[in-house]
$ cat coords.cif   # mmCIF, C-alpha atoms
data_target
loop_
_atom_site.group_PDB
_atom_site.id
_atom_site.type_symbol
_atom_site.label_atom_id
_atom_site.label_comp_id
_atom_site.auth_asym_id
_atom_site.auth_seq_id
_atom_site.Cartn_x
_atom_site.Cartn_y
_atom_site.Cartn_z
ATOM 1 C CA MET A 1 1.709 25.906 -49.011
ATOM 2 C CA ASN A 2 3.397 22.485 -48.712
ATOM 3 C CA ASP A 3 5.727 21.257 -45.962
ATOM 4 C CA GLN A 4 8.853 22.087 -47.966
ATOM 5 C CA ASP A 5 7.743 25.703 -48.405
ATOM 6 C CA VAL A 6 7.012 25.961 -44.660
ATOM 7 C CA SER A 7 10.402 24.483 -43.760
ATOM 8 C CA ALA A 8 12.216 26.786 -46.207
ATOM 9 C CA ARG A 9 10.437 29.890 -44.940
ATOM 10 C CA PHE A 10 11.016 28.893 -41.301
ATOM 11 C CA GLY A 11 14.718 28.218 -41.995
ATOM 12 C CA GLY A 12 15.075 31.623 -43.649
ATOM 13 C CA LEU A 13 13.466 33.436 -40.738
ATOM 14 C CA LEU A 14 15.640 31.560 -38.240
ATOM 15 C CA ALA A 15 18.814 32.383 -40.185
ATOM 16 C CA LEU A 16 17.804 36.062 -40.344
ATOM 17 C CA GLY A 17 17.168 36.062 -36.594
ATOM 18 C CA LEU A 18 20.567 34.535 -35.893
ATOM 19 C CA LEU A 19 22.250 37.108 -38.133
ATOM 20 C CA LEU A 20 20.559 40.001 -36.324
ATOM 21 C CA LEU A 21 21.542 38.605 -32.934
ATOM 22 C CA SER A 22 25.162 38.178 -34.012
ATOM 23 C CA VAL A 23 25.653 41.669 -35.530
ATOM 24 C CA LEU A 24 23.413 43.706 -33.235
ATOM 25 C CA PRO A 25 24.444 43.260 -29.574
ATOM 26 C CA GLY A 26 21.652 45.573 -28.562
ATOM 27 C CA ALA A 27 19.117 43.211 -30.090
ATOM 28 C CA MET A 28 19.511 40.721 -27.239
ATOM 29 C CA PRO A 29 16.440 41.282 -25.038
ATOM 30 C CA GLN A 30 16.725 41.816 -21.310
ATOM 31 C CA ALA A 31 15.047 38.460 -20.688
ATOM 32 C CA GLU A 32 17.885 36.653 -22.466
ATOM 33 C CA ALA A 33 20.476 38.646 -20.522
ATOM 34 C CA ALA A 34 18.829 37.521 -17.287
ATOM 35 C CA ILE A 35 18.863 33.918 -18.452
ATOM 36 C CA GLN A 36 22.545 34.217 -19.377
ATOM 37 C CA GLY A 37 23.381 35.508 -15.908
ATOM 38 C CA HIS A 38 21.493 32.647 -14.258
ATOM 39 C CA LEU A 39 22.487 29.731 -16.480
ATOM 40 C CA GLY A 40 25.913 30.679 -17.778
ATOM 41 C CA THR A 41 27.310 31.662 -21.160
ATOM 42 C CA ASP A 42 27.197 28.230 -22.818
ATOM 43 C CA ASN A 43 23.522 27.711 -22.036
ATOM 44 C CA ALA A 44 22.656 31.239 -23.097
ATOM 45 C CA ASP A 45 24.260 30.559 -26.484
ATOM 46 C CA CYS A 46 21.991 27.526 -26.929
ATOM 47 C CA LEU A 47 18.913 29.315 -25.654
ATOM 48 C CA ARG A 48 19.478 32.142 -28.086
ATOM 49 C CA CYS A 49 17.673 29.851 -30.556
ATOM 50 C CA HIS A 50 15.971 27.256 -28.391
ATOM 51 C CA ARG A 51 14.091 29.786 -26.292
ATOM 52 C CA MET A 52 11.941 30.530 -29.349
ATOM 53 C CA GLU A 53 8.537 28.936 -28.723
ATOM 54 C CA THR A 54 8.047 28.155 -32.416
ATOM 55 C CA LEU A 55 11.331 26.294 -32.873
ATOM 56 C CA ALA A 56 10.559 22.815 -34.218
ATOM 57 C CA TYR A 57 11.198 20.400 -37.065
ATOM 58 C CA ARG A 58 9.194 17.755 -38.869
ATOM 59 C CA ASP A 59 10.352 14.195 -38.271
ATOM 60 C CA PRO A 60 10.828 12.742 -41.778
ATOM 61 C CA ARG A 61 10.030 9.222 -40.516
ATOM 62 C CA THR A 62 6.746 9.917 -38.730
ATOM 63 C CA GLY A 63 5.762 13.267 -40.193
ATOM 64 C CA ASN A 64 5.182 14.675 -36.691
ATOM 65 C CA LEU A 65 6.425 18.071 -35.538
ATOM 66 C CA VAL A 66 9.115 17.798 -32.844
ATOM 67 C CA ASP A 67 9.205 20.692 -30.393
ATOM 68 C CA LEU A 68 12.716 22.098 -29.788
ATOM 69 C CA HIS A 69 11.676 24.934 -27.484
ATOM 70 C CA VAL A 70 13.300 25.143 -24.016
ATOM 71 C CA ASP A 71 11.980 27.522 -21.358
ATOM 72 C CA GLY A 72 15.145 29.012 -19.853
ATOM 73 C CA ARG A 73 13.648 29.986 -16.507
ATOM 74 C CA GLN A 74 11.905 26.632 -16.109
ATOM 75 C CA PHE A 75 15.136 24.830 -16.937
ATOM 76 C CA GLY A 76 17.019 26.932 -14.395
ATOM 77 C CA HIS A 77 14.716 25.649 -11.630
ATOM 78 C CA SER A 78 14.674 22.029 -12.830
ATOM 79 C CA ALA A 79 16.624 19.077 -11.446
ATOM 80 C CA HIS A 80 19.251 19.697 -14.153
ATOM 81 C CA GLY A 81 19.323 23.470 -13.738
ATOM 82 C CA GLU A 82 22.943 23.558 -12.567
ATOM 83 C CA LEU A 83 24.194 21.686 -15.646
ATOM 84 C CA GLN A 84 25.411 23.054 -18.938
ATOM 85 C CA CYS A 85 23.654 21.936 -22.126
ATOM 86 C CA ILE A 86 26.915 20.406 -23.376
ATOM 87 C CA ASP A 87 27.086 18.170 -20.307
ATOM 88 C CA CYS A 88 24.384 16.021 -21.953
ATOM 89 C CA HIS A 89 24.436 17.153 -25.594
ATOM 90 C CA GLU A 90 28.008 16.384 -26.604
ATOM 91 C CA GLY A 91 29.320 17.187 -30.065
ATOM 92 C CA ASP A 92 29.733 20.114 -32.402
ATOM 93 C CA PHE A 93 26.550 22.059 -31.776
ATOM 94 C CA GLY A 94 28.324 25.341 -32.517
ATOM 95 C CA GLN A 95 27.419 25.092 -36.190
ATOM 96 C CA TYR A 96 24.033 25.958 -37.644
ATOM 97 C CA PRO A 97 22.449 23.958 -39.049
ATOM 98 C CA HIS A 98 23.782 21.335 -36.648
ATOM 99 C CA PRO A 99 25.736 18.622 -38.483
ATOM 100 C CA GLU A 100 24.109 15.233 -39.022
ATOM 101 C CA SER A 101 26.729 13.600 -36.766
ATOM 102 C CA VAL A 102 25.235 15.182 -33.607
ATOM 103 C CA LEU A 103 21.554 14.867 -34.446
ATOM 104 C CA GLY A 104 19.398 12.078 -33.068
ATOM 105 C CA GLN A 105 21.558 11.426 -30.023
ATOM 106 C CA GLN A 106 20.205 8.853 -27.576
ATOM 107 C CA LEU A 107 20.865 10.235 -24.095
ATOM 108 C CA ASP A 108 21.708 7.625 -21.454
ATOM 109 C CA CYS A 109 19.929 8.897 -18.330
ATOM 110 C CA VAL A 110 20.647 5.800 -16.246
ATOM 111 C CA GLY A 111 24.292 5.636 -17.233
ATOM 112 C CA CYS A 112 24.860 9.297 -16.410
ATOM 113 C CA HIS A 113 23.143 9.139 -13.027
ATOM 114 C CA GLN A 114 24.982 5.959 -12.069
ATOM 115 C CA GLU A 115 28.282 7.800 -12.503
ATOM 116 C CA LEU A 116 27.331 10.490 -10.003
ATOM 117 C CA HIS A 117 29.208 10.727 -6.720
ATOM 118 C CA LYS A 118 28.007 8.094 -4.219
ATOM 119 C CA ALA A 119 25.330 6.925 -6.652
ATOM 120 C CA ASP A 120 25.884 3.319 -5.571
ATOM 121 C CA LYS A 121 25.266 4.240 -1.917
ATOM 122 C CA ARG A 122 21.618 5.181 -2.444
ATOM 123 C CA ALA A 123 18.955 2.695 -1.369
ATOM 124 C CA TYR A 124 17.025 3.291 -4.593
ATOM 125 C CA THR A 125 19.526 3.284 -7.444
ATOM 126 C CA PHE A 126 19.076 4.122 -11.111
ATOM 127 C CA LYS A 127 20.096 0.550 -11.877
ATOM 128 C CA THR A 128 16.985 -0.523 -9.968
ATOM 129 C CA ILE A 129 14.925 1.984 -11.949
ATOM 130 C CA ASP A 130 16.284 0.527 -15.193
ATOM 131 C CA GLN A 131 15.403 -3.021 -14.103
ATOM 132 C CA GLU A 132 11.900 -1.998 -13.038
ATOM 133 C CA PHE A 133 11.253 -0.103 -16.251
ATOM 134 C CA ALA A 134 12.245 -3.171 -18.287
ATOM 135 C CA LEU A 135 9.215 -4.928 -16.736
ATOM 136 C CA SER A 136 6.907 -1.928 -17.180
ATOM 137 C CA ILE A 137 3.910 -2.043 -19.508
ATOM 138 C CA HIS A 138 5.526 0.918 -21.266
ATOM 139 C CA ALA A 139 8.516 -1.268 -22.159
ATOM 140 C CA VAL A 140 6.830 -4.593 -22.946
ATOM 141 C CA SER A 141 3.707 -3.306 -24.727
ATOM 142 C CA ASP A 142 3.476 -3.963 -28.472
ATOM 143 C CA SER A 143 1.299 -0.891 -28.977
ATOM 144 C CA PRO A 144 2.661 1.532 -31.621
ATOM 145 C CA LYS A 145 2.131 4.359 -29.114
ATOM 146 C CA ALA A 146 4.678 2.755 -26.752
ATOM 147 C CA GLU A 147 7.353 2.358 -29.430
ATOM 148 C CA GLY A 148 10.615 3.980 -28.354
ATOM 149 C CA PHE A 149 9.255 4.811 -24.894
ATOM 150 C CA ASP A 150 12.060 6.235 -22.762
ATOM 151 C CA CYS A 151 12.687 8.362 -19.658
ATOM 152 C CA HIS A 152 11.945 11.586 -21.523
ATOM 153 C CA ARG A 153 8.326 10.616 -22.219
ATOM 154 C CA CYS A 154 7.546 11.259 -18.546
ATOM 155 C CA HIS A 155 10.519 13.258 -17.287
ATOM 156 C CA ASP A 156 11.213 16.344 -19.380
ATOM 157 C CA PRO A 157 14.932 16.885 -18.630
ATOM 158 C CA HIS A 158 14.488 20.642 -19.113
ATOM 159 C CA ALA A 159 11.648 20.994 -16.607
ATOM 160 C CA PHE A 160 11.408 17.981 -14.262
ATOM 161 C CA ARG A 161 11.861 18.514 -10.519
ATOM 162 C CA ASN A 162 11.889 15.877 -7.785
ATOM 163 C CA SER A 163 9.215 15.920 -5.101
ATOM 164 C CA GLU A 164 10.582 17.074 -1.757
ATOM 165 C CA VAL A 165 9.749 16.445 1.873
ATOM 166 C CA GLY A 166 7.539 19.285 3.091
ATOM 167 C CA GLN A 167 6.029 19.934 -0.336
ATOM 168 C CA PRO A 168 2.207 19.997 -0.166
ATOM 169 C CA ILE A 169 0.742 16.562 -0.854
ATOM 170 C CA ALA A 170 -1.846 18.028 -3.246
ATOM 171 C CA GLU A 171 0.957 19.596 -5.279
ATOM 172 C CA ILE A 172 2.868 16.300 -5.487
ATOM 173 C CA VAL A 173 -0.289 14.439 -6.551
ATOM 174 C CA ARG A 174 -1.198 17.051 -9.164
ATOM 175 C CA ALA A 175 2.281 17.034 -10.726
ATOM 176 C CA GLY A 176 2.540 13.236 -10.693
ATOM 177 C CA ASN A 177 -0.867 12.641 -12.231
ATOM 178 C CA GLN A 178 -0.296 15.257 -14.889
ATOM 179 C CA LEU A 179 2.596 13.145 -16.206
ATOM 180 C CA CYS A 180 0.218 10.206 -16.728
ATOM 181 C CA LEU A 181 -2.830 12.120 -17.921
ATOM 182 C CA SER A 182 -0.849 14.126 -20.478
ATOM 183 C CA CYS A 183 -0.752 10.903 -22.542
ATOM 184 C CA HIS A 184 -3.767 9.021 -21.196
ATOM 185 C CA LYS A 185 -6.121 11.862 -22.102
ATOM 186 C CA LYS A 186 -9.184 9.651 -22.577
ATOM 187 C CA ILE A 187 -9.147 8.915 -18.841
ATOM 188 C CA ARG A 188 -10.240 12.523 -18.242
ATOM 189 C CA ASP A 189 -13.474 11.936 -20.143
ATOM 190 C CA PRO A 190 -16.307 11.956 -17.573
ATOM 191 C CA HIS A 191 -17.920 9.128 -19.550
ATOM 192 C CA SER A 192 -14.804 6.956 -19.462
ATOM 193 C CA THR A 193 -15.403 3.480 -18.027
ATOM 194 C CA ALA A 194 -11.759 2.946 -17.012
ATOM 195 C CA HIS A 195 -12.351 3.718 -13.314
ATOM 196 C CA LEU A 196 -16.043 3.011 -12.834
ATOM 197 C CA TRP A 197 -15.244 0.643 -9.951
ATOM 198 C CA LEU A 198 -13.516 3.455 -8.017
ATOM 199 C CA PRO A 199 -15.835 5.388 -5.634
ATOM 200 C CA LYS A 200 -15.529 9.175 -5.950
ATOM 201 C CA ARG A 201 -13.076 8.927 -8.838
ATOM 202 C CA ASP A 202 -12.219 12.632 -9.073
ATOM 203 C CA LYS A 203 -11.676 12.838 -5.316
ATOM 204 C CA HIS A 204 -9.168 10.011 -5.542
ATOM 205 C CA TRP A 205 -7.339 11.740 -8.390
ATOM 206 C CA GLN A 206 -6.951 14.819 -6.191
ATOM 207 C CA SER A 207 -5.558 12.821 -3.265
ATOM 208 C CA VAL A 208 -3.638 9.867 -4.720
ATOM 209 C CA ARG A 209 -1.123 9.520 -7.536
ATOM 210 C CA CYS A 210 -1.955 7.179 -10.425
ATOM 211 C CA LEU A 211 1.235 5.258 -9.761
ATOM 212 C CA ASP A 212 0.210 4.547 -6.148
ATOM 213 C CA CYS A 213 -2.238 2.003 -7.592
ATOM 214 C CA HIS A 214 -0.580 1.253 -10.930
ATOM 215 C CA THR A 215 2.810 0.114 -9.574
ATOM 216 C CA PRO A 216 3.673 -2.813 -7.293
ATOM 217 C CA LEU A 217 4.679 -2.293 -3.685
ATOM 218 C CA THR A 218 8.331 -1.409 -3.213
ATOM 219 C CA ASP A 219 10.596 -1.806 -0.246
ATOM 220 C CA PRO A 220 10.179 0.711 2.606
ATOM 221 C CA GLY A 221 11.954 3.977 1.924
ATOM 222 C CA GLN A 222 11.480 3.834 -1.844
ATOM 223 C CA PRO A 223 8.972 6.523 -2.832
ATOM 224 C CA VAL A 224 7.943 5.061 -6.185
ATOM 225 C CA SER A 225 8.376 2.099 -8.511
ATOM 226 C CA HIS A 226 9.048 2.504 -12.232
ATOM 227 C CA GLN A 227 7.381 -0.810 -13.053
ATOM 228 C CA ILE A 228 4.087 0.541 -14.361
ATOM 229 C CA LEU A 229 1.522 -2.268 -14.329
ATOM 230 C CA ALA A 230 -1.116 -2.992 -16.934
ATOM 231 C CA ALA A 231 -4.629 -1.945 -15.914
ATOM 232 C CA LYS A 232 -5.709 -5.542 -15.194
ATOM 233 C CA ASP A 233 -2.732 -6.084 -12.878
ATOM 234 C CA SER A 234 -3.114 -2.877 -10.879
ATOM 235 C CA ASN A 235 -4.489 -2.533 -7.363
ATOM 236 C CA PHE A 236 -8.261 -2.902 -6.955
ATOM 237 C CA ASP A 237 -8.255 -3.572 -3.202
ATOM 238 C CA CYS A 238 -9.523 -0.574 -1.203
ATOM 239 C CA VAL A 239 -8.049 -1.967 2.028
ATOM 240 C CA SER A 240 -4.555 -1.709 0.550
ATOM 241 C CA CYS A 241 -4.807 2.042 1.073
ATOM 242 C CA HIS A 242 -7.550 2.436 3.667
ATOM 243 C CA SER A 243 -5.943 0.619 6.578
ATOM 244 C CA LYS A 244 -3.493 1.322 9.370
ATOM 245 C CA GLU A 245 -0.831 -0.696 7.533
ATOM 246 C CA ALA A 246 -1.275 1.045 4.192
ATOM 247 C CA ARG A 247 2.128 0.396 2.632
ATOM 248 C CA LEU A 248 0.748 1.353 -0.762
ATOM 249 C CA LEU A 249 -0.340 4.808 0.344
ATOM 250 C CA GLY A 250 2.650 5.174 2.649
ATOM 251 C CA ARG A 251 4.889 5.867 -0.336
ATOM 252 C CA LEU A 252 3.015 9.114 -0.915
ATOM 253 C CA TYR A 253 2.423 10.178 2.663
ATOM 254 C CA GLN A 254 6.016 9.658 3.708
ATOM 255 C CA TYR A 255 6.581 13.206 2.451
ATOM 256 C CA ARG A 256 4.088 14.501 5.023
ATOM 257 C CA SER A 257 5.065 11.969 7.718
ATOM 258 C CA GLU A 258 8.704 13.044 7.683
ATOM 259 C CA THR A 259 7.583 16.650 7.968
ATOM 260 C CA ASP A 260 5.358 15.754 10.920
ATOM 261 C CA LEU A 261 8.209 13.989 12.666
ATOM 262 C CA ALA A 262 10.501 16.962 12.171
ATOM 263 C CA GLY A 263 7.905 19.445 13.373
ATOM 264 C CA GLY A 264 5.936 17.700 16.082
ATOM 265 C CA GLY A 265 7.479 14.324 16.842
ATOM 266 C CA TRP A 266 6.026 10.827 16.590
ATOM 267 C CA LEU A 267 2.748 11.775 18.281
ATOM 268 C CA SER A 268 1.999 14.302 15.543
ATOM 269 C CA LYS A 269 2.636 11.642 12.908
ATOM 270 C CA ALA A 270 0.507 9.027 14.652
ATOM 271 C CA VAL A 271 -2.498 11.276 15.321
ATOM 272 C CA PHE A 272 -2.637 13.794 12.497
ATOM 273 C CA ASN A 273 -1.395 11.872 9.445
ATOM 274 C CA GLU A 274 -3.772 12.619 6.552
ATOM 275 C CA ALA A 275 -4.102 9.052 5.245
ATOM 276 C CA TYR A 276 -7.741 7.992 5.437
ATOM 277 C CA VAL A 277 -8.554 4.833 7.397
ATOM 278 C CA VAL A 278 -12.030 3.319 7.094
ATOM 279 C CA GLY A 279 -14.028 3.926 10.276
ATOM 280 C CA MET A 280 -11.894 6.840 11.479
ATOM 281 C CA SER A 281 -12.851 10.508 11.464
ATOM 282 C CA ARG A 282 -11.030 13.064 9.312
ATOM 283 C CA SER A 283 -12.725 16.027 11.023
ATOM 284 C CA PRO A 284 -10.216 18.133 13.006
ATOM 285 C CA LEU A 285 -13.016 19.154 15.400
ATOM 286 C CA LEU A 286 -14.021 15.548 16.119
ATOM 287 C CA ASP A 287 -10.365 14.528 16.428
ATOM 288 C CA ALA A 288 -9.732 17.321 18.957
ATOM 289 C CA LEU A 289 -12.900 16.422 20.873
ATOM 290 C CA GLY A 290 -11.950 12.743 20.949
ATOM 291 C CA LEU A 291 -8.443 13.510 22.176
ATOM 292 C CA SER A 292 -9.869 15.798 24.856
ATOM 293 C CA VAL A 293 -12.238 13.063 26.102
ATOM 294 C CA ILE A 294 -9.394 10.544 26.204
ATOM 295 C CA GLY A 295 -7.136 12.998 28.024
ATOM 296 C CA LEU A 296 -9.854 13.903 30.562
ATOM 297 C CA THR A 297 -10.579 10.217 31.190
ATOM 298 C CA LEU A 298 -6.891 9.557 31.867
ATOM 299 C CA LEU A 299 -6.748 12.493 34.300
ATOM 300 C CA VAL A 300 -9.833 11.212 36.174
ATOM 301 C CA LEU A 301 -8.316 7.721 36.433
ATOM 302 C CA ILE A 302 -5.000 9.101 37.665
ATOM 303 C CA ALA A 303 -6.736 11.381 40.202
ATOM 304 C CA HIS A 304 -8.905 8.500 41.392
ATOM 305 C CA GLY A 305 -5.896 6.227 41.817
ATOM 306 C CA TRP A 306 -3.954 8.918 43.676
ATOM 307 C CA GLY A 307 -6.907 9.536 45.974
ATOM 308 C CA ARG A 308 -7.244 5.825 46.758
ATOM 309 C CA TYR A 309 -3.537 5.642 47.517
ATOM 310 C CA ARG A 310 -3.650 8.656 49.858
ATOM 311 C CA ALA A 311 -6.713 7.207 51.651
ATOM 312 C CA TYR A 312 -4.915 3.897 52.123
ATOM 313 C CA ARG A 313 -1.830 5.631 53.566
ATOM 314 C CA ARG A 314 -3.992 7.687 55.964
ATOM 315 C CA LEU A 315 -5.789 4.525 57.150
ATOM 316 C CA ARG A 316 -2.446 2.819 57.845
ATOM 317 C CA GLU A 317 -1.227 5.825 59.818
ATOM 318 C CA ASP A 318 -4.406 5.979 61.945
ATOM 319 C CA ARG A 319 -4.136 2.291 62.845
ATOM 320 C CA SER A 320 -0.541 2.635 63.861
#
$ encode --input "coords.cif" --output "structure tokens"
Amino acid sequence: MNDQDVSARFGGLLALGLLLLSVLPGAMPQAEAAIQGHLGTDNADCLRCHRMETLAYRDPRTGNLVDLHVDGRQFGHSAHGELQCIDCHEGDFGQYPHPESVLGQQLDCVGCHQELHKADKRAYTFKTIDQEFALSIHAVSDSPKAEGFDCHRCHDPHAFRNSEVGQPIAEIVRAGNQLCLSCHKKIRDPHSTAHLWLPKRDKHWQSVRCLDCHTPLTDPGQPVSHQILAAKDSNFDCVSCHSKEARLLGRLYQYRSETDLAGGGWLSKAVFNEAYVVGMSRSPLLDALGLSVIGLTLLVLIAHGWGRYRAYRRLREDRS
């Protein structure tokens, strides 16, 4: 069976499905009704087709299959979950097949986000992101794999969620690294030589995001840079992370630091921050024991000083 036969058969099945859904109200499954209640009527109309996991088409230019499936529940919990499909996909999508005039739209993520209320008041603007990305290896590389690289390669608009303060660090690291490793699959090979210089490679991947080493340092308060560096230009200096002034690692641990400040004040941040510093213990038992020794020493010094003061006062009173 050739590609034309597959496309014809798939188109026939899709048309039959649409006909059944339009003439048989009872054919709409409960799952779709739930999605409609959560996302609104317009989105439910789109998801009536796009929720099908097999929905795809073959790009005539590259010959690759392009996935058109959208998980309704995942989209509802994404960063764009409160939007309607037509907020981004403008045009006459009410027809099927969709007319050529609306296909192949290039969505302007930066332009849209810059128009948001108070967008220019943020310290880290989408204009900055656009400028950083223009210098990224993903933008300047002449590799065929980087051709047409855009926001959507990393940030699926139907699923992406921002990291939040209080979210477990391991969860943030896992989600961030998955974005990189979904394309750079060879890095996962245990025999890969890409990170041979890095001690305990897998341990680092569980604790640090790829971009914490593969992006330049940004100004304080900016959690990430979109200027992805080439491998040769990335950070190879262990001290950049394993030091008390670890600005590189601070971009990641600010999520935990802000939580510590909210929950236990500056002392909690200073003592119990999870960033590893060479020469310091990460054992809670040893940390507690060390703090106890320091506290006991301070109490002894204070008691000794108070006793000396009282003895001096008593001696003065006896002489007078």
$ atom_distance --input "coords.cif" --atom1 "CA of Ser143 in chain A" --atom2 "CA of Asn64 in chain A"
17.8 Å
$ resolve_selection --input "coords.cif" --expression "the PyMOL selection byres ((chain A and resi 222-226) around 12)" --output "CSV table (one decimal) with C-alpha atoms, in the coordinates of the input"
chain,number,residue,atom,x,y,z
A,122,ARG,CA,21.6,5.2,-2.4
A,123,ALA,CA,19.0,2.7,-1.4
A,124,TYR,CA,17.0,3.3,-4.6
A,125,THR,CA,19.5,3.3,-7.4
A,126,PHE,CA,19.1,4.1,-11.1
A,127,LYS,CA,20.1,0.6,-11.9
A,128,THR,CA,17.0,-0.5,-10.0
A,129,ILE,CA,14.9,2.0,-11.9
A,130,ASP,CA,16.3,0.5,-15.2
A,131,GLN,CA,15.4,-3.0,-14.1
A,132,GLU,CA,11.9,-2.0,-13.0
A,133,PHE,CA,11.3,-0.1,-16.3
A,134,ALA,CA,12.2,-3.2,-18.3
A,135,LEU,CA,9.2,-4.9,-16.7
A,136,SER,CA,6.9,-1.9,-17.2
A,137,ILE,CA,3.9,-2.0,-19.5
A,138,HIS,CA,5.5,0.9,-21.3
A,139,ALA,CA,8.5,-1.3,-22.2
A,150,ASP,CA,12.1,6.2,-22.8
A,151,CYS,CA,12.7,8.4,-19.7
A,154,CYS,CA,7.5,11.3,-18.5
A,155,HIS,CA,10.5,13.3,-17.3
A,162,ASN,CA,11.9,15.9,-7.8
A,163,SER,CA,9.2,15.9,-5.1
A,164,GLU,CA,10.6,17.1,-1.8
A,165,VAL,CA,9.7,16.4,1.9
A,172,ILE,CA,2.9,16.3,-5.5
A,176,GLY,CA,2.5,13.2,-10.7
A,209,ARG,CA,-1.1,9.5,-7.5
A,210,CYS,CA,-2.0,7.2,-10.4
A,211,LEU,CA,1.2,5.3,-9.8
A,212,ASP,CA,0.2,4.5,-6.1
A,213,CYS,CA,-2.2,2.0,-7.6
A,214,HIS,CA,-0.6,1.3,-10.9
A,215,THR,CA,2.8,0.1,-9.6
A,216,PRO,CA,3.7,-2.8,-7.3
A,217,LEU,CA,4.7,-2.3,-3.7
A,218,THR,CA,8.3,-1.4,-3.2
A,219,ASP,CA,10.6,-1.8,-0.2
A,220,PRO,CA,10.2,0.7,2.6
A,221,GLY,CA,12.0,4.0,1.9
A,227,GLN,CA,7.4,-0.8,-13.1
A,228,ILE,CA,4.1,0.5,-14.4
A,229,LEU,CA,1.5,-2.3,-14.3
A,247,ARG,CA,2.1,0.4,2.6
A,248,LEU,CA,0.7,1.4,-0.8
A,249,LEU,CA,-0.3,4.8,0.3
A,250,GLY,CA,2.6,5.2,2.6
A,251,ARG,CA,4.9,5.9,-0.3
A,252,LEU,CA,3.0,9.1,-0.9
A,253,TYR,CA,2.4,10.2,2.7
A,254,GLN,CA,6.0,9.7,3.7
A,255,TYR,CA,6.6,13.2,2.5
$ residues_around --input "coords.cif" --residues "Gly91 in chain A" --least-positions-apart "2" --cutoff "9 Å" --atoms "only C-alpha atoms" --output "CSV table (one decimal) with C-alpha atoms, in the coordinates of the input"
chain,number,residue,atom,x,y,z
A,86,ILE,CA,26.9,20.4,-23.4
A,89,HIS,CA,24.4,17.2,-25.6
A,93,PHE,CA,26.6,22.1,-31.8
A,94,GLY,CA,28.3,25.3,-32.5
A,101,SER,CA,26.7,13.6,-36.8
A,102,VAL,CA,25.2,15.2,-33.6
$ residues_around --input "coords.cif" --residues "Cys183 in chain A" --least-positions-apart "2" --cutoff "12 Å" --atoms "all atoms listed in the file" --output "VMD selection string"
chain A and resid 138 145 to 146 149 153 to 154 177 to 181 185 to 188
$ atom_distance --input "coords.cif" --atom1 "CA of Asp67 in chain A" --atom2 "CA of Met52 in chain A"
10.3 Å
$ resolve_selection --input "coords.cif" --expression "the PyMOL selection byres ((chain A and resi 71) around 10)" --output "list in words"
Ile35, Leu47, His50, Arg51, Met52, Glu53, His69, Val70, Gly72, Arg73, Gln74, Phe75, Gly76, His158 and Ala159 of chain A
$ closest_residue --input "coords.cif" --among "A:Arg161, A:Pro60, A:His242, A:Phe236" --to "Leu196 in chain A" --atoms "all atoms listed in the file"
A:Phe236
$ resolve_selection --input "coords.cif" --expression "the PyMOL selection byres ((chain A and resi 170) around 10)" --output "VMD selection string"
chain A and resid 167 to 169 171 to 176 205 to 209
$ atom_distance --input "coords.cif" --atom1 "CA of Lys203 in chain A" --atom2 "CA of Pro190 in chain A"
13.1 Å
